[in-house]
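Here the structure is laid out as structure tokens; the discussion comes afterwards.
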Amino acid sequence: MQQLEIPLTDSTLPFQTARSIEIWCAEPIFFASRELSDVYYTEGTIGNYALAYALGWARSPYRLTGTDTHRPRYIEDLVPIADNCYILPAYPVTGNASFRFERFNALSDSYWYAMTNNRVATARADLPLRRTGKKPSTFRPSNFPQTGRLRTIERGNRFQTLVFGNLELPEYIRVGKFMSKVRIDIKQEFQVTLLPLSEYNSNVYLSAADLPVNLDLIAFDTISIPPVSLLKNLRFRGAAWQIGDFILPANLKFCGGDRHE
């Protein structure tokens, strides 16, 4: 670990302790991290926003209505809890995750069906009018794929991350598009130590939207996934937190916290 300056003591730290946890995948996990043709890739990480919802810290309405159907609700759901808890994106314990490919087929098993513009018609009345020789219509395509391949995180993978706040952690949660089951093991609890302004190397995954605005980013690698890109191997200048052997920027908050208020 790099040589650090003498730490500062600060009783105003938002979190006095942090817990390191390990996440064991009991089932394959799928997120649509990238889409290339008819192949849908899951990156080897579990985003901290997905974990916040899976842990029950934030809840979104079962059905969105009105203007909410056209935009995400991360700010409304996560900013109110930003001062009480936080979790980093999870990354593989061994450095690399293992994957498996699965083919899916959501085509209809009805007696008759036909392929249209990104939709499977199961009745002749569903066909676009232009297919019947009549005046063309604005036939609405489906917004989900019917066939393709999925790259999922294979069962048995282990991920690690840090959790801030005193909220109770369940033994099992479900994550991903398929609500896959994972187990949470609490490994160790650490004191959070505030380090002075200096230049540091961070050895964890970070959400780009959660960094403080005054942080000076020097170098990093990007994992481009929705809804927020993740950063790894970050070198930065600013205040930092030391948590055991982990170094990360100070004052991390979901969606930047109160800067949206």
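Chain labels run A, B, ... following the order of the structure tokens; each chain numbers its residues from 1, and ligands are numbered from 1 in the order shown.
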
Give one line per residue of region 37-116 of chain A that approaches region 237-259 of chain A to at most 12 Å, naming the two atoms of the closest pair and their distance in Å to one decimal, counting only C-alpha atoms; sort by chain then ascending residue number and deliver it as CSV.
```
residue,atom,partner,partner_atom,distance
A:Gly47,CA,A:Phe254,CA,11.7
A:Asn48,CA,A:Phe254,CA,8.8
A:Tyr49,CA,A:Phe254,CA,8.0
A:Ala50,CA,A:Phe254,CA,11.7
A:Leu51,CA,A:Phe254,CA,11.8
A:Ala52,CA,A:Phe254,CA,9.5
A:Trp57,CA,A:Phe254,CA,11.6
A:Ala58,CA,A:Phe254,CA,11.1
A:Arg73,CA,A:Cys255,CA,10.9
A:Tyr74,CA,A:Cys255,CA,7.6
A:Ile75,CA,A:Cys255,CA,6.3
A:Glu76,CA,A:Cys255,CA,9.7
A:Asp77,CA,A:Phe254,CA,9.6
A:Leu78,CA,A:Phe254,CA,6.0
A:Val79,CA,A:Gly257,CA,5.3
A:Pro80,CA,A:Gly257,CA,8.0
A:Ile81,CA,A:Phe254,CA,8.0
A:Ala82,CA,A:Phe254,CA,5.4
A:Asp83,CA,A:Lys253,CA,7.4
A:Asn84,CA,A:Lys253,CA,9.6
A:Cys85,CA,A:Lys253,CA,8.5
A:Tyr86,CA,A:Lys253,CA,6.6
A:Ile87,CA,A:Phe254,CA,8.7
A:Leu88,CA,A:Leu252,CA,9.1
A:Pro89,CA,A:Phe254,CA,11.3
```

- Message: Could you go through region 20-252 of chain A and tell me which residues DSSP, when run on the backbone, assigns to strand (DSSP E or B), listing them as a PyMOL selection string?
- Response: chain A and resi 20-25+29+34-36+39-41+46+86-87+90-92+99-105+114-116+119-121+147-153+158-164+172-175+180-191+193-201+206-207+216-223+230-243+246-249

- Task: Tell me which of A:Ile218, A:Ile21, A:Leu55, A:Ala106 sits closest to Leu167 (chain A), counting only C-alpha atoms.
- Result: A:Leu55

- Message: Rounded to one decimal, what separation in Å do you get between CA of Thr193 (chain A) and CA of Pro170 (chain A)?
- Response: 26.4 Å

- Message: For region 150-153 of chain A, find every residue with an atom within 9 Å (counting only C-alpha atoms), except residues of its own chain fewer than 2 positions away, and show them as number ranges by chain.
- Response: A: 25, 27-32, 38-45, 97-104, 148, 155-157

- Residue contacts of Arg158 (chain A) (7 Å, only C-alpha atoms) excluding same-chain residues fewer than 4 positions away, as a ChimeraX atom specification: /A:22-25,92-93

Write out the residues from the selection above, keeping N, CA, C and O atoms, as a PDB file, in the first residue's frame.
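Output saved as result13.pdb:
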```pdb
ATOM      1  N   GLU A  22     -18.829  -9.692   1.236  1.00  0.00           N
ATOM      2  CA  GLU A  22     -18.589 -10.545   0.077  1.00  0.00           C
ATOM      3  C   GLU A  22     -19.937 -11.023  -0.440  1.00  0.00           C
ATOM      4  O   GLU A  22     -20.803 -11.435   0.339  1.00  0.00           O
ATOM      5  N   ILE A  23     -20.112 -10.960  -1.744  1.00  0.00           N
ATOM      6  CA  ILE A  23     -21.366 -11.349  -2.393  1.00  0.00           C
ATOM      7  C   ILE A  23     -21.117 -12.616  -3.199  1.00  0.00           C
ATOM      8  O   ILE A  23     -20.277 -12.619  -4.112  1.00  0.00           O
ATOM      9  N   TRP A  24     -21.827 -13.679  -2.844  1.00  0.00           N
ATOM     10  CA  TRP A  24     -21.694 -14.960  -3.543  1.00  0.00           C
ATOM     11  C   TRP A  24     -22.914 -15.177  -4.427  1.00  0.00           C
ATOM     12  O   TRP A  24     -24.056 -15.071  -3.973  1.00  0.00           O
ATOM     13  N   CYS A  25     -22.673 -15.472  -5.695  1.00  0.00           N
ATOM     14  CA  CYS A  25     -23.753 -15.618  -6.664  1.00  0.00           C
ATOM     15  C   CYS A  25     -24.305 -17.041  -6.620  1.00  0.00           C
ATOM     16  O   CYS A  25     -23.647 -17.983  -7.073  1.00  0.00           O
ATOM     17  N   PRO A  92     -15.073  -8.248  -8.618  1.00  0.00           N
ATOM     18  CA  PRO A  92     -14.707  -9.640  -8.342  1.00  0.00           C
ATOM     19  C   PRO A  92     -13.591  -9.768  -7.309  1.00  0.00           C
ATOM     20  O   PRO A  92     -12.620  -9.007  -7.320  1.00  0.00           O
ATOM     21  N   VAL A  93     -13.740 -10.736  -6.420  1.00  0.00           N
ATOM     22  CA  VAL A  93     -12.722 -10.995  -5.400  1.00  0.00           C
ATOM     23  C   VAL A  93     -11.408 -11.417  -6.048  1.00  0.00           C
ATOM     24  O   VAL A  93     -10.323 -11.032  -5.612  1.00  0.00           O
TER      25      VAL A  93
END
```

Extract, using only C-alpha atoms, all DNA, RNA and protein residues at most 7 Å from Tyr172 (chain A), discarding same-chain residues fewer than 6 positions from it, and format them as an mmCIF file with all heavy atoms, in the first residue's frame.
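Output (part12.cif):
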```cif
data_model
loop_
_atom_site.group_PDB
_atom_site.id
_atom_site.type_symbol
_atom_site.label_atom_id
_atom_site.label_comp_id
_atom_site.auth_asym_id
_atom_site.auth_seq_id
_atom_site.Cartn_x
_atom_site.Cartn_y
_atom_site.Cartn_z
ATOM 1 N N LYS A 181 -30.594 -14.770 -7.115
ATOM 2 C CA LYS A 181 -30.336 -14.850 -5.680
ATOM 3 C C LYS A 181 -28.839 -14.798 -5.413
ATOM 4 O O LYS A 181 -28.056 -15.521 -6.027
ATOM 5 C CB LYS A 181 -30.922 -16.145 -5.116
ATOM 6 C CG LYS A 181 -30.897 -16.247 -3.606
ATOM 7 C CD LYS A 181 -31.602 -17.516 -3.153
ATOM 8 C CE LYS A 181 -31.670 -17.621 -1.633
ATOM 9 N NZ LYS A 181 -32.388 -18.844 -1.202
ATOM 10 N N VAL A 182 -28.430 -13.935 -4.470
ATOM 11 C CA VAL A 182 -27.038 -13.862 -4.023
ATOM 12 C C VAL A 182 -27.006 -13.826 -2.500
ATOM 13 O O VAL A 182 -27.958 -13.393 -1.853
ATOM 14 C CB VAL A 182 -26.308 -12.619 -4.596
ATOM 15 C CG1 VAL A 182 -26.361 -12.600 -6.114
ATOM 16 C CG2 VAL A 182 -26.899 -11.335 -4.042
ATOM 17 N N ARG A 183 -25.904 -14.310 -1.940
ATOM 18 C CA ARG A 183 -25.738 -14.330 -0.490
ATOM 19 C C ARG A 183 -24.739 -13.257 -0.074
ATOM 20 O O ARG A 183 -23.746 -13.016 -0.758
ATOM 21 C CB ARG A 183 -25.241 -15.705 -0.029
ATOM 22 C CG ARG A 183 -25.196 -15.855 1.502
ATOM 23 C CD ARG A 183 -24.662 -17.223 1.885
ATOM 24 N NE ARG A 183 -23.244 -17.347 1.577
ATOM 25 C CZ ARG A 183 -22.661 -18.485 1.187
ATOM 26 N NH1 ARG A 183 -23.379 -19.578 1.019
ATOM 27 N NH2 ARG A 183 -21.369 -18.508 0.924
ATOM 28 N N ILE A 184 -25.026 -12.615 1.055
ATOM 29 C CA ILE A 184 -24.154 -11.571 1.582
ATOM 30 C C ILE A 184 -23.455 -12.079 2.832
ATOM 31 O O ILE A 184 -24.109 -12.529 3.778
ATOM 32 C CB ILE A 184 -24.958 -10.296 1.905
ATOM 33 C CG1 ILE A 184 -25.527 -9.689 0.628
ATOM 34 C CG2 ILE A 184 -24.085 -9.274 2.634
ATOM 35 C CD1 ILE A 184 -26.357 -8.456 0.857
#
```

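As for CA of Ala209 (chain A) and CA of Ile223 (chain A), they are spaced 13.0 Å apart.
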
- Task: Show which residues sit within 8 Å of Phe15 (chain A), as number ranges by chain. Count only C-alpha atoms, and ignore same-chain residues fewer than 6 positions away.
- Result: A: 164-165, 192

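CA of Arg19 (chain A) sits 8.4 Å away from CA of Thr161 (chain A).
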